[in-house]
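Enquirer: Structure file run05.tsv (TSV, C-alpha atoms and all ligand atoms) is given on the next line.
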chain	number	residue	atom	x	y	z
A	1	VAL	CA	-4.37	-20.60	-12.40
A	2	ILE	CA	-7.93	-19.79	-13.49
A	3	SER	CA	-8.77	-17.91	-16.68
A	4	ILE	CA	-11.88	-17.14	-18.72
A	5	ARG	CA	-11.64	-16.74	-22.48
A	6	ALA	CA	-13.29	-17.68	-25.77
A	7	PRO	CA	-13.18	-21.39	-26.63
A	8	ARG	CA	-10.81	-22.61	-29.33
A	9	PRO	CA	-12.24	-24.75	-32.15
A	10	ASP	CA	-10.54	-27.91	-30.90
A	11	GLU	CA	-12.16	-27.47	-27.48
A	12	LEU	CA	-15.78	-27.62	-28.61
A	13	GLU	CA	-16.08	-31.38	-28.30
A	14	ARG	CA	-14.86	-31.02	-24.70
A	15	LEU	CA	-17.75	-28.61	-24.05
A	16	ARG	CA	-20.15	-31.36	-25.09
A	17	ASP	CA	-18.44	-33.76	-22.67
A	18	ILE	CA	-18.82	-31.16	-19.90
A	19	GLU	CA	-22.49	-30.79	-20.78
A	20	TRP	CA	-23.12	-34.55	-20.57
A	21	ALA	CA	-21.34	-34.73	-17.20
A	22	ALA	CA	-23.09	-31.64	-15.80
A	23	GLY	CA	-26.44	-32.89	-17.07
A	24	ALA	CA	-26.02	-36.11	-15.07
A	25	MET	CA	-26.40	-34.02	-11.90
A	26	PHE	CA	-30.14	-33.93	-12.65
A	27	ILE	CA	-30.52	-37.70	-12.24
A	28	ASP	CA	-30.19	-37.30	-8.45
A	29	VAL	CA	-33.13	-34.88	-8.31
A	30	GLY	CA	-35.57	-36.96	-10.35
A	31	LEU	CA	-34.97	-35.08	-13.60
A	32	GLY	CA	-33.18	-37.86	-15.44
A	33	HIS	CA	-34.68	-36.77	-18.77
A	34	ILE	CA	-32.53	-33.62	-18.57
A	35	ALA	CA	-29.44	-35.82	-18.33
A	36	GLU	CA	-30.44	-37.47	-21.62
A	37	HIS	CA	-30.75	-34.19	-23.46
A	38	GLU	CA	-28.24	-34.02	-26.32
A	39	PRO	CA	-25.80	-31.11	-25.84
A	40	ALA	CA	-25.46	-28.44	-28.53
A	41	SER	CA	-23.55	-29.66	-31.58
A	42	VAL	CA	-20.00	-28.58	-32.34
A	43	GLU	CA	-21.46	-26.56	-35.25
A	44	THR	CA	-23.89	-24.73	-32.98
A	45	LEU	CA	-21.12	-24.07	-30.46
A	46	ALA	CA	-18.92	-22.74	-33.28
A	47	ASP	CA	-21.73	-20.32	-34.18
A	48	TYR	CA	-21.71	-19.03	-30.60
A	49	VAL	CA	-17.94	-18.57	-30.77
A	50	ALA	CA	-18.26	-16.68	-34.06
A	51	ALA	CA	-20.85	-14.43	-32.42
A	52	ASP	CA	-18.48	-13.74	-29.48
A	53	ALA	CA	-21.13	-15.35	-27.27
A	54	ALA	CA	-19.17	-18.23	-25.71
A	55	TYR	CA	-16.69	-18.43	-22.85
A	56	VAL	CA	-14.75	-21.21	-21.24
A	57	ILE	CA	-13.29	-21.31	-17.76
A	58	VAL	CA	-9.87	-22.90	-17.68
A	59	VAL	CA	-8.12	-24.30	-14.61
A	60	ASP	CA	-4.46	-25.22	-15.00
A	61	ASP	CA	-4.84	-25.51	-18.79
A	62	GLN	CA	-7.93	-27.71	-18.54
A	63	VAL	CA	-11.29	-26.46	-19.82
A	64	VAL	CA	-13.75	-27.26	-17.02
A	65	GLY	CA	-16.80	-25.12	-17.79
A	66	TYR	CA	-18.46	-22.92	-20.36
A	67	SER	CA	-21.24	-20.45	-21.06
A	68	VAL	CA	-23.18	-19.45	-24.15
A	69	THR	CA	-25.51	-16.48	-24.52
A	70	ASP	CA	-28.22	-15.41	-26.94
A	71	MET	CA	-30.04	-12.18	-27.63
A	72	VAL	CA	-33.62	-12.48	-26.39
A	73	ASP	CA	-36.00	-9.51	-26.42
A	74	GLY	CA	-33.00	-7.29	-27.08
A	75	THR	CA	-31.19	-8.32	-23.93
A	76	MET	CA	-28.45	-10.76	-23.02
A	77	HIS	CA	-29.83	-14.23	-22.27
A	78	LEU	CA	-27.75	-16.92	-20.60
A	79	GLU	CA	-28.57	-19.98	-22.68
A	80	GLN	CA	-26.21	-22.38	-20.95
A	81	LEU	CA	-23.83	-22.38	-18.02
A	82	SER	CA	-22.09	-25.65	-17.18
A	83	VAL	CA	-19.19	-26.70	-15.01
A	84	HIS	CA	-17.91	-30.26	-14.97
A	85	PRO	CA	-19.02	-31.78	-11.64
A	86	ASP	CA	-15.45	-32.98	-10.99
A	87	HIS	CA	-14.67	-29.28	-10.57
A	88	GLY	CA	-18.00	-28.23	-9.07
A	89	ARG	CA	-18.68	-26.22	-5.94
A	90	ARG	CA	-15.45	-24.26	-6.07
A	91	GLY	CA	-16.93	-21.01	-7.28
A	92	LEU	CA	-16.11	-21.57	-10.95
A	93	GLY	CA	-19.77	-21.36	-12.02
A	94	ALA	CA	-20.13	-18.13	-10.06
A	95	ALA	CA	-16.97	-16.72	-11.67
A	96	LEU	CA	-18.22	-17.52	-15.15
A	97	LEU	CA	-21.62	-16.04	-14.33
A	98	GLU	CA	-19.99	-12.82	-13.12
A	99	HIS	CA	-17.93	-12.67	-16.30
A	100	VAL	CA	-21.05	-12.99	-18.46
A	101	CYS	CA	-22.75	-10.22	-16.48
A	102	ASP	CA	-19.64	-7.99	-16.71
A	103	GLU	CA	-19.51	-8.47	-20.46
A	104	ALA	CA	-23.23	-7.73	-20.79
A	105	ARG	CA	-22.76	-4.52	-18.79
A	106	ARG	CA	-19.79	-3.56	-20.95
A	107	GLY	CA	-21.96	-4.25	-24.00
A	108	GLY	CA	-24.48	-1.70	-22.75
A	109	PHE	CA	-27.15	-4.15	-21.64
A	110	HIS	CA	-29.26	-3.39	-18.61
A	111	ASP	CA	-29.98	-6.93	-17.58
A	112	VAL	CA	-29.34	-10.62	-18.14
A	113	THR	CA	-32.15	-13.16	-18.35
A	114	LEU	CA	-32.29	-16.95	-18.18
A	115	THR	CA	-34.68	-19.86	-17.72
A	116	THR	CA	-33.96	-22.47	-15.10
A	117	PHE	CA	-35.41	-25.00	-12.68
A	118	ARG	CA	-37.03	-23.01	-9.90
A	119	ASP	CA	-36.14	-25.36	-7.04
A	120	VAL	CA	-33.04	-27.33	-8.06
A	121	ALA	CA	-30.23	-26.18	-5.72
A	122	TRP	CA	-27.75	-25.33	-8.48
A	123	ASN	CA	-30.40	-23.61	-10.60
A	124	GLY	CA	-32.96	-21.13	-9.17
A	125	PRO	CA	-31.43	-20.78	-5.67
A	126	PHE	CA	-27.90	-20.53	-7.13
A	127	TYR	CA	-28.97	-17.72	-9.48
A	128	ALA	CA	-30.98	-16.01	-6.73
A	129	ARG	CA	-27.82	-15.86	-4.64
A	130	HIS	CA	-26.19	-14.10	-7.56
A	131	GLY	CA	-28.79	-11.37	-7.91
A	132	PHE	CA	-31.32	-12.99	-10.24
A	133	VAL	CA	-35.01	-12.52	-9.48
A	134	VAL	CA	-37.93	-14.57	-10.80
A	135	MET	CA	-39.77	-12.58	-13.47
A	136	THR	CA	-43.50	-12.10	-13.18
A	137	ASP	CA	-45.61	-13.12	-16.16
A	138	ASP	CA	-46.07	-9.54	-17.38
A	139	GLU	CA	-42.30	-8.94	-17.30
A	140	ILE	CA	-41.64	-11.76	-19.74
A	141	GLY	CA	-41.14	-10.46	-23.28
A	142	PRO	CA	-42.41	-12.15	-26.45
A	143	GLU	CA	-39.17	-13.93	-27.37
A	144	LEU	CA	-38.57	-15.20	-23.85
A	145	ARG	CA	-42.18	-16.38	-23.76
A	146	GLU	CA	-41.58	-18.23	-27.02
A	147	LEU	CA	-38.46	-19.82	-25.58
A	148	ARG	CA	-40.39	-20.94	-22.52
A	149	ASP	CA	-43.14	-22.43	-24.70
A	150	HIS	CA	-40.47	-24.18	-26.74
A	151	GLU	CA	-39.01	-25.68	-23.56
A	152	ALA	CA	-42.44	-26.89	-22.48
A	153	ALA	CA	-42.96	-28.52	-25.89
A	154	ALA	CA	-39.56	-30.21	-25.45
A	155	GLY	CA	-40.79	-31.81	-22.22
A	156	LEU	CA	-39.66	-29.38	-19.52
A	157	ASP	CA	-42.53	-29.05	-17.05
A	158	PRO	CA	-43.34	-25.31	-17.09
A	159	ASP	CA	-44.45	-25.46	-13.44
A	160	LEU	CA	-40.90	-26.36	-12.48
A	161	ARG	CA	-39.28	-23.65	-14.59
A	162	ALA	CA	-38.75	-19.98	-13.94
A	163	CYS	CA	-37.62	-17.04	-16.04
A	164	MET	CA	-35.13	-15.00	-14.04
A	165	ARG	CA	-33.52	-11.62	-14.56
A	166	ARG	CA	-30.60	-9.81	-13.02
A	167	ALA	CA	-30.47	-6.06	-13.29
A	168	LEU	CA	-26.95	-4.89	-14.05
A	169	GLY	CA	-26.19	-1.96	-11.79
A	201	LIG	C1	-24.82	-24.52	-12.18
A	201	LIG	C2	-23.34	-24.84	-12.26
A	201	LIG	C3	-22.75	-24.23	-13.50
A	201	LIG	C4	-22.64	-24.28	-11.04
A	201	LIG	O1	-21.23	-24.49	-11.18
A	201	LIG	P1	-20.26	-24.54	-9.89
A	201	LIG	O2	-18.87	-24.33	-10.39
A	201	LIG	O3	-20.53	-25.73	-9.09
A	201	LIG	O4	-20.76	-23.22	-9.14
A	201	LIG	P2	-20.38	-22.61	-7.72
A	201	LIG	O5	-19.27	-23.41	-7.10
A	201	LIG	O6	-20.16	-21.17	-7.95
A	201	LIG	O7	-21.74	-22.75	-6.87
A	201	LIG	C5	-22.44	-23.96	-6.90
A	201	LIG	C6	-23.62	-23.90	-5.95
A	201	LIG	O8	-24.69	-24.66	-6.51
A	201	LIG	C7	-25.26	-25.50	-5.50
A	201	LIG	N1	-24.91	-26.90	-5.80
A	201	LIG	C8	-24.05	-27.35	-6.73
A	201	LIG	N2	-24.05	-28.68	-6.76
A	201	LIG	C9	-24.89	-29.07	-5.82
A	201	LIG	C10	-25.33	-30.36	-5.36
A	201	LIG	N3	-24.87	-31.49	-5.89
A	201	LIG	N4	-26.21	-30.39	-4.37
A	201	LIG	C11	-26.67	-29.27	-3.82
A	201	LIG	N5	-26.31	-28.03	-4.21
A	201	LIG	C12	-25.43	-27.94	-5.20
A	201	LIG	C13	-24.65	-25.07	-4.20
A	201	LIG	O9	-25.43	-24.03	-3.67
A	201	LIG	C14	-23.30	-24.54	-4.63
A	201	LIG	O10	-22.77	-23.60	-3.76
A	201	LIG	P3	-21.94	-24.13	-2.47
A	201	LIG	O11	-20.96	-25.12	-2.99
A	201	LIG	O12	-21.31	-22.88	-1.93
A	201	LIG	O13	-22.95	-24.73	-1.55
A	201	LIG	C15	-23.11	-26.38	-12.25
A	201	LIG	O14	-23.71	-26.91	-11.09
A	201	LIG	C16	-23.68	-27.09	-13.46
A	201	LIG	O15	-23.07	-27.14	-14.49
A	201	LIG	N6	-24.89	-27.67	-13.32
A	201	LIG	C17	-25.53	-28.45	-14.36
A	201	LIG	C18	-25.97	-27.59	-15.51
A	201	LIG	C19	-26.91	-26.52	-15.05
A	201	LIG	O16	-27.86	-26.77	-14.33
A	201	LIG	N7	-26.64	-25.30	-15.48
A	201	LIG	C20	-27.43	-24.15	-15.10
A	201	LIG	C21	-28.75	-24.09	-15.75
A	201	LIG	S1	-28.63	-23.97	-17.51
Kindly present the structure from the file in structure tokens form.
Expert:
Amino acid sequence: VISIRAPRPDELERLRDIEWAAGAMFIDVGLGHIAEHEPASVETLADYVAADAAYVIVVDDQVVGYSVTDMVDGTMHLEQLSVHPDHGRRGLGAALLEHVCDEARRGGFHDVTLTTFRDVAWNGPFYARHGFVVMTDDEIGPELRELRDHEAAAGLDPDLRACMRRALG
């Protein structure tokens, strides 16, 4: 049985474990520094829950993935989407992504944005398969631009990153 719902407070530490495990996927593609990136704190995750901006995907009572969203340039921005690799490649990431987009549509938003690695299979190409398109420079709003600059300052090579957007029909 698969369900998607808000995380409970006692599950937030599990989300950090998922993030560490999902991050390790980047070691295989020469982006080991991503794997070392500290996941969001329990406090930060609790803030997302309080803002109704976090979801978990649960399989047979086990939390195996999560998403958190922000408001960026007045639109819904997918800040993080992670599925534990032990449960990867079964469509759970896609299901969570669809849920986020459905909620954004219900909330009256016209699109969802994100930043990701352009060429890593489970990043840019994965999102492209789910209707996301790389944004051109002039389409990138001031807050998203700031976020991108912040990522670059944190050591993410901007040439490898893309801002993507999915229009919600
Ligand atoms: C992105 C992510 C959430 C996808 O979760 P998922 O449950 O595996 O998603 P799906 O099963 O719907 O689709 C995964 C697709 O990604 C690609 N993919 C995933 N793992 C892969 C791997 N090890 N090698 C190559 N392609 C891979 C494939 O295209 C795969 O589809 P396929 O299995 O039909 O070939 C998950 O891979 C993850 O947590 N990654 C690390 C964190 C991350 O990069 N998050 C997104 C950017 S913030």
Enquirer: Around ligand LIG 201 (chain A), which protein and nucleic acid residues have at least one atom no more than 10 Å from it, if we count only C-alpha atoms and all ligand atoms? List them as a CSV table (one decimal) with C-alpha atoms, keeping the file's coordinate frame.
Expert:
chain,number,residue,atom,x,y,z
A,18,ILE,CA,-18.8,-31.2,-19.9
A,19,GLU,CA,-22.5,-30.8,-20.8
A,20,TRP,CA,-23.1,-34.6,-20.6
A,21,ALA,CA,-21.3,-34.7,-17.2
A,22,ALA,CA,-23.1,-31.6,-15.8
A,23,GLY,CA,-26.4,-32.9,-17.1
A,24,ALA,CA,-26.0,-36.1,-15.1
A,25,MET,CA,-26.4,-34.0,-11.9
A,26,PHE,CA,-30.1,-33.9,-12.6
A,28,ASP,CA,-30.2,-37.3,-8.4
A,29,VAL,CA,-33.1,-34.9,-8.3
A,34,ILE,CA,-32.5,-33.6,-18.6
A,35,ALA,CA,-29.4,-35.8,-18.3
A,57,ILE,CA,-13.3,-21.3,-17.8
A,64,VAL,CA,-13.8,-27.3,-17.0
A,65,GLY,CA,-16.8,-25.1,-17.8
A,66,TYR,CA,-18.5,-22.9,-20.4
A,67,SER,CA,-21.2,-20.4,-21.1
A,68,VAL,CA,-23.2,-19.4,-24.2
A,78,LEU,CA,-27.8,-16.9,-20.6
A,79,GLU,CA,-28.6,-20.0,-22.7
A,80,GLN,CA,-26.2,-22.4,-21.0
A,81,LEU,CA,-23.8,-22.4,-18.0
A,82,SER,CA,-22.1,-25.6,-17.2
A,83,VAL,CA,-19.2,-26.7,-15.0
A,84,HIS,CA,-17.9,-30.3,-15.0
A,85,PRO,CA,-19.0,-31.8,-11.6
A,86,ASP,CA,-15.4,-33.0,-11.0
A,87,HIS,CA,-14.7,-29.3,-10.6
A,88,GLY,CA,-18.0,-28.2,-9.1
A,89,ARG,CA,-18.7,-26.2,-5.9
A,90,ARG,CA,-15.4,-24.3,-6.1
A,91,GLY,CA,-16.9,-21.0,-7.3
A,92,LEU,CA,-16.1,-21.6,-11.0
A,93,GLY,CA,-19.8,-21.4,-12.0
A,94,ALA,CA,-20.1,-18.1,-10.1
A,95,ALA,CA,-17.0,-16.7,-11.7
A,96,LEU,CA,-18.2,-17.5,-15.2
A,97,LEU,CA,-21.6,-16.0,-14.3
A,98,GLU,CA,-20.0,-12.8,-13.1
A,114,LEU,CA,-32.3,-17.0,-18.2
A,115,THR,CA,-34.7,-19.9,-17.7
A,116,THR,CA,-34.0,-22.5,-15.1
A,117,PHE,CA,-35.4,-25.0,-12.7
A,120,VAL,CA,-33.0,-27.3,-8.1
A,121,ALA,CA,-30.2,-26.2,-5.7
A,122,TRP,CA,-27.8,-25.3,-8.5
A,123,ASN,CA,-30.4,-23.6,-10.6
A,124,GLY,CA,-33.0,-21.1,-9.2
A,125,PRO,CA,-31.4,-20.8,-5.7
A,126,PHE,CA,-27.9,-20.5,-7.1
A,127,TYR,CA,-29.0,-17.7,-9.5
A,129,ARG,CA,-27.8,-15.9,-4.6
A,130,HIS,CA,-26.2,-14.1,-7.6
Enquirer: Could you jot down the CA of Ala154 in chain A to CA of Val49 in chain A separation for me, Å, one decimal place?
Expert: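 For CA of Ala154 in chain A relative to CA of Val49 in chain A, the distance reads 25.1 Å.
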Enquirer: Neighbourhood query: residues within 12 Å of (-19.2, -10.2, -19.3), file coordinates, counting all atoms listed in the file; return as number ranges by chain.
Expert: A: 4-6, 52-55, 67-69, 76-78, 95-109, 111-112, 168
Enquirer: Which of these, A:Asp70, A:Thr136, A:Val63, A:Val56, has the shortest distance to Pro7 in chain A once you count only C-alpha atoms?
Expert: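 Among the listed residues, A:Val56 lies closest to Pro7 in chain A.
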Enquirer: Residues within 8 Å of Val134 in chain A, please, as a PDB file with C-alpha atoms, in the coordinates of the input. Count all atoms listed in the file; anything in the same chain fewer than 4 positions from it doesn't count.
Expert:
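The new file out33.pdb reads:
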ATOM      1  CA  ALA A 162     -38.750 -19.980 -13.940  1.00  0.00           C
ATOM      2  CA  CYS A 163     -37.620 -17.040 -16.040  1.00  0.00           C
ATOM      3  CA  MET A 164     -35.130 -15.000 -14.040  1.00  0.00           C
ATOM      4  CA  ARG A 165     -33.520 -11.620 -14.560  1.00  0.00           C
TER       5      ARG A 165
END
Enquirer: Any idea what's packed within 9 Å of Leu45 in chain A, counting all atoms listed in the file, ignoring anything in its chain fewer than 3 positions away? Could you give it as a short mmCIF file (atom, residue, chain, number, x, y, z; two decimals) with C-alpha atoms, in the coordinates of the input?
Expert:
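Output file around.cif follows:
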data_model
loop_
_atom_site.label_atom_id
_atom_site.label_comp_id
_atom_site.auth_asym_id
_atom_site.auth_seq_id
_atom_site.Cartn_x
_atom_site.Cartn_y
_atom_site.Cartn_z
CA LEU A 12 -15.78 -27.62 -28.61
CA LEU A 15 -17.75 -28.61 -24.05
CA ALA A 40 -25.46 -28.44 -28.53
CA SER A 41 -23.55 -29.66 -31.58
CA VAL A 42 -20.00 -28.58 -32.34
CA TYR A 48 -21.71 -19.03 -30.60
CA VAL A 49 -17.94 -18.57 -30.77
CA ALA A 50 -18.26 -16.68 -34.06
CA ALA A 54 -19.17 -18.23 -25.71
CA VAL A 68 -23.18 -19.45 -24.15
#
Enquirer: Between CA of Glu36 in chain A and CA of Phe132 in chain A, what is the distance in Å, rounded to a tenth?
Expert: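 Between these atoms lies a distance of 27.0 Å.
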Enquirer: Which one is closest to Glu13 in chain A: A:Ala167, A:Leu31, A:Ala46, A:Ala153? Count all atoms listed in the file.
Expert: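 Smallest separation from Glu13 in chain A among the options: A:Ala46.
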Enquirer: What is the distance between CA of Glu139 in chain A and CA of Pro158 in chain A, in Å to one decimal?
Expert: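 Separation between CA of Glu139 in chain A and CA of Pro158 in chain A: 16.4 Å.
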Enquirer: Residues around (-5.0, -28.6, -26.1), cut-off 10 Å, counting all atoms listed in the file - what are they as a list of chain:residue names?
Expert: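 Those residues lying close to the given coordinates are A:Arg8, A:Asp10, A:Glu11, A:Asp61, A:Gln62, A:Val63.
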Enquirer: For C-alpha atoms, I'd like the residues from the last selection saved as a tab-separated table (two decimals), in the coordinates of the input.
Expert:
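Below is the file that was written, out_23.tsv:
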chain	number	residue	atom	x	y	z
A	8	ARG	CA	-10.81	-22.61	-29.33
A	10	ASP	CA	-10.54	-27.91	-30.90
A	11	GLU	CA	-12.16	-27.47	-27.48
A	61	ASP	CA	-4.84	-25.51	-18.79
A	62	GLN	CA	-7.93	-27.71	-18.54
A	63	VAL	CA	-11.29	-26.46	-19.82
Enquirer: For Arg145 in chain A, which of A:Pro39, A:Thr113, A:Asp60, A:Arg14 is the closest residue, counting all atoms listed in the file?
Expert: A:Thr113
Enquirer: Check the smallest atom-to-atom distance from each of A:Asp47, A:Asp73, A:Glu38, A:Asp17 to Pro142 in chain A using all atoms listed in the file, then report the winner.
Expert: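 Between A:Asp47, A:Asp73, A:Glu38, A:Asp17, the residue approaching Pro142 in chain A most closely is A:Asp73.
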Enquirer: Ranking A:Pro9, A:Arg166, A:Val72, A:Ile140 by minimum distance to Ala128 in chain A and counting all atoms listed in the file, which one comes first?
Expert: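 That would be A:Arg166, the residue with the smallest distance to Ala128 in chain A.
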Enquirer: Place N, CA and C atoms on range 38-59 of chain A and deliver the coordinates as a tab-separated table (two decimals), in the frame of the given file.
Expert:
chain	number	residue	atom	x	y	z
A	38	GLU	N	-29.45	-34.14	-25.49
A	38	GLU	CA	-28.24	-34.02	-26.32
A	38	GLU	C	-27.67	-32.59	-26.22
A	39	PRO	N	-26.41	-32.45	-25.89
A	39	PRO	CA	-25.80	-31.11	-25.84
A	39	PRO	C	-25.79	-30.46	-27.23
A	40	ALA	N	-25.58	-29.17	-27.26
A	40	ALA	CA	-25.46	-28.44	-28.53
A	40	ALA	C	-24.34	-29.07	-29.36
A	41	SER	N	-24.55	-29.08	-30.67
A	41	SER	CA	-23.55	-29.66	-31.58
A	41	SER	C	-22.31	-28.77	-31.63
A	42	VAL	N	-21.23	-29.34	-32.13
A	42	VAL	CA	-20.00	-28.58	-32.34
A	42	VAL	C	-20.28	-27.40	-33.28
A	43	GLU	N	-21.12	-27.63	-34.29
A	43	GLU	CA	-21.46	-26.56	-35.25
A	43	GLU	C	-22.17	-25.41	-34.54
A	44	THR	N	-23.15	-25.77	-33.71
A	44	THR	CA	-23.89	-24.73	-32.98
A	44	THR	C	-22.94	-23.97	-32.04
A	45	LEU	N	-22.08	-24.71	-31.37
A	45	LEU	CA	-21.12	-24.07	-30.46
A	45	LEU	C	-20.19	-23.14	-31.24
A	46	ALA	N	-19.79	-23.58	-32.44
A	46	ALA	CA	-18.92	-22.74	-33.28
A	46	ALA	C	-19.63	-21.45	-33.67
A	47	ASP	N	-20.95	-21.53	-33.88
A	47	ASP	CA	-21.73	-20.32	-34.18
A	47	ASP	C	-21.69	-19.34	-33.01
A	48	TYR	N	-21.80	-19.88	-31.80
A	48	TYR	CA	-21.71	-19.03	-30.60
A	48	TYR	C	-20.34	-18.37	-30.51
A	49	VAL	N	-19.30	-19.13	-30.81
A	49	VAL	CA	-17.94	-18.57	-30.77
A	49	VAL	C	-17.82	-17.44	-31.79
A	50	ALA	N	-18.33	-17.70	-33.00
A	50	ALA	CA	-18.26	-16.68	-34.06
A	50	ALA	C	-19.00	-15.42	-33.67
A	51	ALA	N	-20.05	-15.58	-32.86
A	51	ALA	CA	-20.85	-14.43	-32.42
A	51	ALA	C	-20.27	-13.79	-31.15
A	52	ASP	N	-19.09	-14.24	-30.73
A	52	ASP	CA	-18.48	-13.74	-29.48
A	52	ASP	C	-19.41	-13.98	-28.29
A	53	ALA	N	-20.11	-15.10	-28.29
A	53	ALA	CA	-21.13	-15.35	-27.27
A	53	ALA	C	-20.81	-16.61	-26.46
A	54	ALA	N	-19.57	-17.04	-26.47
A	54	ALA	CA	-19.17	-18.23	-25.71
A	54	ALA	C	-17.92	-17.95	-24.90
A	55	TYR	N	-17.89	-18.50	-23.69
A	55	TYR	CA	-16.69	-18.43	-22.85
A	55	TYR	C	-16.41	-19.79	-22.26
A	56	VAL	N	-15.13	-20.04	-22.02
A	56	VAL	CA	-14.75	-21.21	-21.24
A	56	VAL	C	-14.01	-20.73	-20.00
A	57	ILE	N	-14.10	-21.55	-18.94
A	57	ILE	CA	-13.29	-21.31	-17.76
A	57	ILE	C	-12.25	-22.42	-17.71
A	58	VAL	N	-11.02	-22.00	-17.55
A	58	VAL	CA	-9.87	-22.90	-17.68
A	58	VAL	C	-9.12	-22.92	-16.36
A	59	VAL	N	-8.87	-24.14	-15.85
A	59	VAL	CA	-8.12	-24.30	-14.61
A	59	VAL	C	-6.87	-25.11	-14.93
